[in-house]
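Visitor: Next comes coords15.txt, compact mmCIF, N, CA and C atoms:
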# COMPACT_ATOMS: atom_id res chain seq x y z
N MET A 1 8.54 19.39 -1.33
CA MET A 1 8.67 19.20 -2.76
C MET A 1 8.13 20.43 -3.46
N GLY A 2 8.81 20.86 -4.47
CA GLY A 2 8.37 22.04 -5.18
C GLY A 2 7.37 21.73 -6.28
N GLN A 3 6.85 22.79 -6.87
CA GLN A 3 5.85 22.69 -7.94
C GLN A 3 6.35 21.81 -9.08
N ASP A 4 7.62 22.00 -9.49
CA ASP A 4 8.20 21.24 -10.59
C ASP A 4 8.27 19.75 -10.24
N SER A 5 8.67 19.44 -9.01
CA SER A 5 8.74 18.04 -8.58
C SER A 5 7.36 17.41 -8.55
N HIS A 6 6.38 18.17 -8.10
CA HIS A 6 5.01 17.65 -8.09
C HIS A 6 4.53 17.36 -9.51
N ALA A 7 4.86 18.23 -10.44
CA ALA A 7 4.45 18.02 -11.84
C ALA A 7 5.11 16.77 -12.40
N ARG A 8 6.40 16.56 -12.10
CA ARG A 8 7.09 15.35 -12.57
C ARG A 8 6.49 14.11 -11.92
N PHE A 9 6.18 14.20 -10.63
CA PHE A 9 5.61 13.06 -9.93
C PHE A 9 4.22 12.73 -10.47
N ALA A 10 3.42 13.75 -10.73
CA ALA A 10 2.09 13.53 -11.31
C ALA A 10 2.23 12.88 -12.68
N GLY A 11 3.21 13.31 -13.47
CA GLY A 11 3.44 12.70 -14.77
C GLY A 11 3.85 11.24 -14.65
N ALA A 12 4.66 10.95 -13.63
CA ALA A 12 5.06 9.56 -13.40
C ALA A 12 3.87 8.70 -13.00
N LEU A 13 2.99 9.23 -12.16
CA LEU A 13 1.79 8.49 -11.79
C LEU A 13 0.87 8.31 -12.99
N ASP A 14 0.77 9.33 -13.83
CA ASP A 14 0.00 9.20 -15.07
C ASP A 14 0.54 8.03 -15.90
N TRP A 15 1.87 7.89 -15.94
CA TRP A 15 2.50 6.80 -16.69
C TRP A 15 2.15 5.45 -16.07
N VAL A 16 2.33 5.33 -14.77
CA VAL A 16 2.08 4.05 -14.08
C VAL A 16 0.63 3.61 -14.27
N PHE A 17 -0.29 4.57 -14.23
CA PHE A 17 -1.71 4.23 -14.30
C PHE A 17 -2.32 4.45 -15.69
N ARG A 18 -1.48 4.55 -16.71
CA ARG A 18 -2.00 4.65 -18.08
C ARG A 18 -2.80 3.37 -18.38
N GLY A 19 -3.90 3.52 -19.01
CA GLY A 19 -4.73 2.37 -19.34
C GLY A 19 -5.58 1.84 -18.20
N TYR A 20 -5.49 2.45 -17.03
CA TYR A 20 -6.30 2.00 -15.89
C TYR A 20 -7.77 2.25 -16.21
N GLN A 21 -8.60 1.22 -16.05
CA GLN A 21 -10.01 1.32 -16.40
C GLN A 21 -10.94 1.22 -15.20
N GLY A 22 -10.39 1.15 -14.00
CA GLY A 22 -11.23 0.98 -12.81
C GLY A 22 -11.83 2.28 -12.31
N HIS A 23 -12.39 2.20 -11.11
CA HIS A 23 -12.99 3.38 -10.47
C HIS A 23 -11.93 4.46 -10.25
N PRO A 24 -12.33 5.73 -10.32
CA PRO A 24 -11.38 6.80 -10.04
C PRO A 24 -10.88 6.70 -8.60
N PHE A 25 -9.63 7.08 -8.39
CA PHE A 25 -9.03 7.04 -7.06
C PHE A 25 -8.03 8.17 -6.94
N SER A 26 -7.58 8.40 -5.72
CA SER A 26 -6.54 9.40 -5.51
C SER A 26 -5.45 8.80 -4.64
N ILE A 27 -4.28 9.43 -4.73
CA ILE A 27 -3.15 9.10 -3.86
C ILE A 27 -2.81 10.38 -3.13
N ARG A 28 -2.80 10.32 -1.80
CA ARG A 28 -2.46 11.49 -0.98
C ARG A 28 -1.17 11.15 -0.23
N LEU A 29 -0.14 11.96 -0.46
CA LEU A 29 1.13 11.72 0.19
C LEU A 29 1.12 12.19 1.64
N TRP A 30 2.10 11.76 2.39
CA TRP A 30 2.21 11.99 3.83
C TRP A 30 2.23 13.45 4.21
N TYR A 31 2.54 14.34 3.29
CA TYR A 31 2.59 15.77 3.61
C TYR A 31 1.43 16.54 2.99
N GLY A 32 0.44 15.82 2.41
CA GLY A 32 -0.78 16.47 1.96
C GLY A 32 -1.00 16.59 0.46
N TRP A 33 0.06 16.53 -0.36
CA TRP A 33 -0.11 16.64 -1.80
C TRP A 33 -0.89 15.44 -2.30
N SER A 34 -1.77 15.65 -3.28
CA SER A 34 -2.53 14.52 -3.80
C SER A 34 -2.61 14.55 -5.32
N TRP A 35 -2.87 13.39 -5.87
CA TRP A 35 -3.02 13.17 -7.30
C TRP A 35 -4.28 12.34 -7.49
N CYS A 36 -5.03 12.61 -8.54
CA CYS A 36 -6.27 11.86 -8.80
C CYS A 36 -6.19 11.21 -10.19
N SER A 37 -6.63 9.98 -10.26
CA SER A 37 -6.59 9.26 -11.54
C SER A 37 -7.54 9.88 -12.56
N SER A 38 -8.60 10.50 -12.09
CA SER A 38 -9.58 11.14 -12.98
C SER A 38 -9.90 12.52 -12.42
N PRO A 39 -9.08 13.53 -12.76
CA PRO A 39 -9.33 14.87 -12.23
C PRO A 39 -10.75 15.34 -12.51
N GLY A 40 -11.35 15.97 -11.52
CA GLY A 40 -12.71 16.49 -11.65
C GLY A 40 -13.78 15.48 -11.29
N VAL A 41 -13.37 14.25 -10.97
CA VAL A 41 -14.32 13.21 -10.59
C VAL A 41 -13.99 12.77 -9.17
N ALA A 42 -15.03 12.64 -8.33
CA ALA A 42 -14.80 12.22 -6.95
C ALA A 42 -14.20 10.82 -6.92
N PRO A 43 -13.09 10.63 -6.20
CA PRO A 43 -12.48 9.31 -6.14
C PRO A 43 -13.31 8.33 -5.30
N ALA A 44 -13.32 7.08 -5.73
CA ALA A 44 -14.00 6.03 -4.96
C ALA A 44 -13.19 5.68 -3.72
N CYS A 45 -11.87 5.84 -3.80
CA CYS A 45 -11.02 5.59 -2.64
C CYS A 45 -9.76 6.44 -2.75
N THR A 46 -9.10 6.58 -1.62
CA THR A 46 -7.84 7.32 -1.55
C THR A 46 -6.81 6.43 -0.88
N LEU A 47 -5.67 6.30 -1.51
CA LEU A 47 -4.54 5.58 -0.91
C LEU A 47 -3.64 6.63 -0.30
N ALA A 48 -3.27 6.43 0.96
CA ALA A 48 -2.48 7.42 1.67
C ALA A 48 -1.25 6.76 2.30
N PRO A 49 -0.12 6.73 1.56
CA PRO A 49 1.09 6.20 2.16
C PRO A 49 1.57 7.14 3.27
N ALA A 50 2.03 6.55 4.37
CA ALA A 50 2.44 7.34 5.53
C ALA A 50 3.85 7.91 5.38
N ARG A 51 4.64 7.33 4.49
CA ARG A 51 6.01 7.80 4.29
C ARG A 51 6.54 7.27 2.96
N PRO A 52 7.71 7.72 2.52
CA PRO A 52 8.21 7.32 1.20
C PRO A 52 8.31 5.81 1.00
N LYS A 53 8.70 5.07 2.03
CA LYS A 53 8.84 3.62 1.89
C LYS A 53 7.51 2.97 1.48
N ALA A 54 6.43 3.46 2.01
CA ALA A 54 5.12 2.91 1.67
C ALA A 54 4.78 3.18 0.21
N LEU A 55 5.14 4.36 -0.27
CA LEU A 55 4.91 4.68 -1.68
C LEU A 55 5.71 3.74 -2.56
N ARG A 56 6.92 3.47 -2.17
CA ARG A 56 7.78 2.53 -2.90
C ARG A 56 7.11 1.16 -2.97
N SER A 57 6.57 0.70 -1.85
CA SER A 57 5.89 -0.60 -1.83
C SER A 57 4.69 -0.59 -2.76
N LEU A 58 3.98 0.51 -2.79
CA LEU A 58 2.78 0.62 -3.61
C LEU A 58 3.08 0.54 -5.10
N VAL A 59 4.11 1.23 -5.55
CA VAL A 59 4.32 1.37 -6.98
C VAL A 59 5.58 0.67 -7.49
N LEU A 60 6.70 0.82 -6.82
CA LEU A 60 7.94 0.30 -7.37
C LEU A 60 8.14 -1.18 -7.14
N GLU A 61 7.83 -1.68 -5.95
CA GLU A 61 8.07 -3.10 -5.68
C GLU A 61 7.01 -3.97 -6.34
N GLY A 62 5.79 -3.48 -6.40
CA GLY A 62 4.75 -4.15 -7.15
C GLY A 62 4.48 -5.60 -6.80
N SER A 63 4.45 -5.95 -5.51
CA SER A 63 4.10 -7.30 -5.13
C SER A 63 2.96 -7.27 -4.12
N GLN A 64 2.18 -8.33 -4.09
CA GLN A 64 1.09 -8.40 -3.13
C GLN A 64 1.62 -8.41 -1.71
N ILE A 65 2.76 -9.04 -1.50
CA ILE A 65 3.35 -9.10 -0.16
C ILE A 65 3.75 -7.70 0.31
N ALA A 66 4.42 -6.94 -0.56
CA ALA A 66 4.84 -5.58 -0.20
C ALA A 66 3.63 -4.71 0.12
N LEU A 67 2.59 -4.82 -0.69
CA LEU A 67 1.38 -4.03 -0.44
C LEU A 67 0.72 -4.44 0.87
N GLY A 68 0.61 -5.74 1.09
CA GLY A 68 0.00 -6.23 2.32
C GLY A 68 0.77 -5.82 3.56
N GLU A 69 2.10 -5.91 3.49
CA GLU A 69 2.92 -5.52 4.64
C GLU A 69 2.79 -4.03 4.93
N ALA A 70 2.75 -3.21 3.89
CA ALA A 70 2.59 -1.77 4.11
C ALA A 70 1.26 -1.48 4.80
N PHE A 71 0.22 -2.18 4.41
CA PHE A 71 -1.10 -1.99 5.02
C PHE A 71 -1.11 -2.48 6.47
N ILE A 72 -0.57 -3.66 6.71
CA ILE A 72 -0.54 -4.23 8.06
C ILE A 72 0.26 -3.36 9.02
N HIS A 73 1.37 -2.83 8.57
CA HIS A 73 2.25 -2.00 9.42
C HIS A 73 1.82 -0.54 9.47
N LYS A 74 0.63 -0.27 8.95
CA LYS A 74 0.05 1.07 8.96
C LYS A 74 0.92 2.10 8.24
N GLU A 75 1.65 1.64 7.24
CA GLU A 75 2.41 2.53 6.39
C GLU A 75 1.58 2.98 5.18
N LEU A 76 0.44 2.30 4.99
CA LEU A 76 -0.44 2.61 3.88
C LEU A 76 -1.88 2.56 4.40
N GLU A 77 -2.58 3.68 4.29
CA GLU A 77 -3.98 3.73 4.69
C GLU A 77 -4.84 3.79 3.44
N MET A 78 -6.03 3.25 3.55
CA MET A 78 -6.98 3.27 2.44
C MET A 78 -8.27 3.85 2.97
N GLU A 79 -8.77 4.88 2.29
CA GLU A 79 -10.03 5.51 2.67
C GLU A 79 -11.03 5.29 1.54
N GLY A 80 -12.23 4.90 1.88
CA GLY A 80 -13.26 4.73 0.87
C GLY A 80 -13.52 3.27 0.54
N ASP A 81 -13.88 3.02 -0.71
CA ASP A 81 -14.30 1.71 -1.18
C ASP A 81 -13.13 0.74 -1.30
N LEU A 82 -13.12 -0.28 -0.45
CA LEU A 82 -12.05 -1.27 -0.43
C LEU A 82 -11.94 -2.02 -1.76
N PHE A 83 -13.06 -2.33 -2.38
CA PHE A 83 -13.03 -3.08 -3.64
C PHE A 83 -12.35 -2.28 -4.75
N SER A 84 -12.46 -0.97 -4.70
CA SER A 84 -11.76 -0.13 -5.67
C SER A 84 -10.25 -0.26 -5.50
N ALA A 85 -9.81 -0.41 -4.26
CA ALA A 85 -8.38 -0.57 -3.99
C ALA A 85 -7.85 -1.85 -4.64
N PHE A 86 -8.68 -2.89 -4.69
CA PHE A 86 -8.26 -4.12 -5.36
C PHE A 86 -8.05 -3.89 -6.86
N GLU A 87 -8.88 -3.07 -7.46
CA GLU A 87 -8.71 -2.74 -8.89
C GLU A 87 -7.38 -2.04 -9.12
N ILE A 88 -7.04 -1.12 -8.22
CA ILE A 88 -5.79 -0.36 -8.34
C ILE A 88 -4.60 -1.32 -8.21
N ALA A 89 -4.64 -2.15 -7.17
CA ALA A 89 -3.56 -3.11 -6.95
C ALA A 89 -3.43 -4.05 -8.15
N GLY A 90 -4.55 -4.49 -8.68
CA GLY A 90 -4.52 -5.37 -9.85
C GLY A 90 -3.83 -4.72 -11.03
N HIS A 91 -4.09 -3.44 -11.23
CA HIS A 91 -3.46 -2.73 -12.34
C HIS A 91 -1.94 -2.65 -12.14
N VAL A 92 -1.53 -2.26 -10.93
CA VAL A 92 -0.09 -2.12 -10.65
C VAL A 92 0.60 -3.47 -10.76
N LEU A 93 -0.01 -4.51 -10.21
CA LEU A 93 0.61 -5.83 -10.20
C LEU A 93 0.62 -6.48 -11.58
N ALA A 94 -0.27 -6.05 -12.47
CA ALA A 94 -0.34 -6.64 -13.81
C ALA A 94 0.80 -6.18 -14.71
N SER A 95 1.41 -5.06 -14.38
CA SER A 95 2.53 -4.59 -15.19
C SER A 95 3.82 -4.77 -14.39
N PRO A 96 4.87 -5.24 -15.04
CA PRO A 96 6.12 -5.48 -14.31
C PRO A 96 6.64 -4.21 -13.66
N ALA A 97 7.14 -4.34 -12.44
CA ALA A 97 7.67 -3.18 -11.70
C ALA A 97 8.79 -2.52 -12.49
N ARG A 98 9.54 -3.29 -13.26
CA ARG A 98 10.65 -2.68 -14.01
C ARG A 98 10.16 -1.63 -14.99
N ASP A 99 8.88 -1.72 -15.40
CA ASP A 99 8.32 -0.70 -16.28
C ASP A 99 8.17 0.64 -15.57
N HIS A 100 8.01 0.62 -14.25
CA HIS A 100 7.78 1.84 -13.48
C HIS A 100 9.07 2.48 -12.99
N VAL A 101 10.11 1.68 -12.81
CA VAL A 101 11.34 2.16 -12.18
C VAL A 101 11.94 3.36 -12.88
N PRO A 102 12.08 3.38 -14.22
CA PRO A 102 12.71 4.55 -14.85
C PRO A 102 11.96 5.85 -14.60
N TYR A 103 10.68 5.77 -14.32
CA TYR A 103 9.86 6.97 -14.14
C TYR A 103 9.76 7.41 -12.68
N LEU A 104 9.69 6.45 -11.78
CA LEU A 104 9.45 6.80 -10.38
C LEU A 104 10.67 6.73 -9.47
N ALA A 105 11.65 5.89 -9.79
CA ALA A 105 12.79 5.74 -8.89
C ALA A 105 13.54 7.04 -8.64
N PRO A 106 13.83 7.86 -9.68
CA PRO A 106 14.53 9.13 -9.39
C PRO A 106 13.71 10.06 -8.50
N LEU A 107 12.41 10.10 -8.70
CA LEU A 107 11.57 10.95 -7.86
C LEU A 107 11.51 10.43 -6.43
N TYR A 108 11.43 9.11 -6.29
CA TYR A 108 11.42 8.50 -4.96
C TYR A 108 12.70 8.85 -4.21
N ARG A 109 13.85 8.72 -4.86
CA ARG A 109 15.12 9.03 -4.20
C ARG A 109 15.18 10.50 -3.79
N ARG A 110 14.71 11.39 -4.66
CA ARG A 110 14.72 12.82 -4.36
C ARG A 110 13.82 13.13 -3.16
N MET A 111 12.62 12.53 -3.14
CA MET A 111 11.70 12.76 -2.01
C MET A 111 12.31 12.25 -0.72
N ARG A 112 12.90 11.08 -0.77
CA ARG A 112 13.47 10.48 0.43
C ARG A 112 14.58 11.36 1.00
N ARG A 113 15.43 11.91 0.13
CA ARG A 113 16.51 12.79 0.60
C ARG A 113 15.95 14.05 1.24
N ARG A 114 14.95 14.66 0.62
CA ARG A 114 14.41 15.93 1.11
C ARG A 114 13.58 15.77 2.38
N LEU A 115 12.95 14.63 2.55
CA LEU A 115 12.02 14.48 3.66
C LEU A 115 12.54 13.64 4.80
N SER A 116 13.77 13.11 4.65
CA SER A 116 14.33 12.31 5.74
C SER A 116 14.73 13.22 6.89
N PRO A 117 14.46 12.76 8.13
CA PRO A 117 14.85 13.58 9.28
C PRO A 117 16.36 13.69 9.37
N GLY A 118 16.83 14.88 9.73
CA GLY A 118 18.18 15.30 9.95
C GLY A 118 19.26 14.42 9.61
Written as structure tokens, that's how I'd like the structure from this file.

Guide:
Amino acid sequence: MGQDSHARFAGALDWVFRGYQGHPFSIRLWYGWSWCSSPGVAPACTLAPARPKALRSLVLEGSQIALGEAFIHKELEMEGDLFSAFEIAGHVLASPARDHVPYLAPLYRRMRRRLSPG
């Protein structure tokens, strides 16, 4: 993903987590790029999706089942304070997934095309 795509993706995450009042956290993608909810502040936890599908479960599908399945199948790792992860999930689940789709779905599709094997 290029610099421009990262900037758009960071903007989309800023949108999804607008109004978030919990502990600072970061999201680190499968290829190393990361975003922090509170830049300049050490995150209490880091969510690390293993591939694009896990990111989709985290943000676009917005259900407890999708999040739980991603974690169980090791598609989503969590580093740090587990209770902080509950705050993050609560924020995402409190807003309808349809609110996130216009911002994240095009980026998700672009990432999936670029990073899919051959």

Visitor: Take atom CA of A:Pro49 and atom N of A:Glu77 and report the distance between them in Å, one decimal.

Guide: 4.9 Å

Visitor: Atom CA of A:Arg28 to atom C of A:Met78: how many Å, to one decimal?

Guide: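 Value for the atom CA of A:Arg28-atom C of A:Met78 distance: 10.4 Å.
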
Visitor: So that I can check the surroundings of A:Gly19, please list as a list in words every protein, DNA and RNA residue that reaches within 12 Å of it, counting only C-alpha atoms and ignoring chain neighbours fewer than 6 positions away.

Guide: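 In the requested format, the answer is Leu13, Ser37, Ser38, Ile88, His91, Val92, Ala94 and Ser95 of chain A.
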
Visitor: Among the residues of stretch 64-99 of chain A, find those DSSP assigns to strand (DSSP E or B) from the backbone and print them as a PyMOL selection string.

Guide: chain A and resi 76-80

Visitor: Calculated over only N, CA and C atoms, which of the candidates A:Leu93, A:Ala85, A:Ala7, A:Cys45 has the smallest distance to A:Gln64?

Guide: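 Using only N, CA and C atoms, A:Gln64 sits closest to A:Leu93.
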
Visitor: My list of candidates is A:Phe83, A:Trp15, A:Tyr20, A:Phe9. Which is closest to A:Ala44 when distances are computed with only C-alpha atoms?

Guide: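 Comparing A:Phe83, A:Trp15, A:Tyr20, A:Phe9 against A:Ala44, the winner is A:Phe83.
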
Visitor: Could you jot down the atom CA of A:Asp81 to atom C of A:Pro39 separation for me, Å, one decimal place?

Guide: 18.1 Å

Visitor: Taking into account all atoms listed in the file, which residue in the set A:Leu82, A:Leu76, A:Ala54, A:Val41 is nearest to A:Phe25?

Guide: A:Val41

Visitor: Could you give me, as number ranges by chain, each residue of stretch 9-91 of chain A that DSSP assigns to helix (DSSP H, G or I) when run on this structure's backbone?

Guide: A: 9-16, 52-61, 64-72, 82-91

Visitor: Which residue out of A:Ser84, A:Leu29, A:Pro24, A:Trp35 has the minimum interatomic distance to A:Ala12 when only C-alpha atoms are used?

Guide: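 Closest to A:Ala12, using only C-alpha atoms: A:Trp35.
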
Visitor: With all atoms listed in the file as the atoms that count, which of A:Gln21, A:Gln3, A:Thr46, A:Ser34 lies nearest to A:Glu87?

Guide: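 Once distances to A:Glu87 are computed over all atoms listed in the file, the minimum belongs to A:Gln21.
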
Visitor: Nearest to A:Asp14 among A:Gly68, A:Lys74, A:Cys36, A:Leu47, with distances taken over only C-alpha atoms: which residue is it?

Guide: A:Cys36

Visitor: Determine, counting only N, CA and C atoms, every residue of protein, DNA or RNA that lies within 7 Å of (3.0, 1.1, 3.4) in the file coordinates, then give the result as a VMD selection string.

Guide: chain A and resid 49 to 51 53 to 55 57 to 58 66 to 67 69 to 77
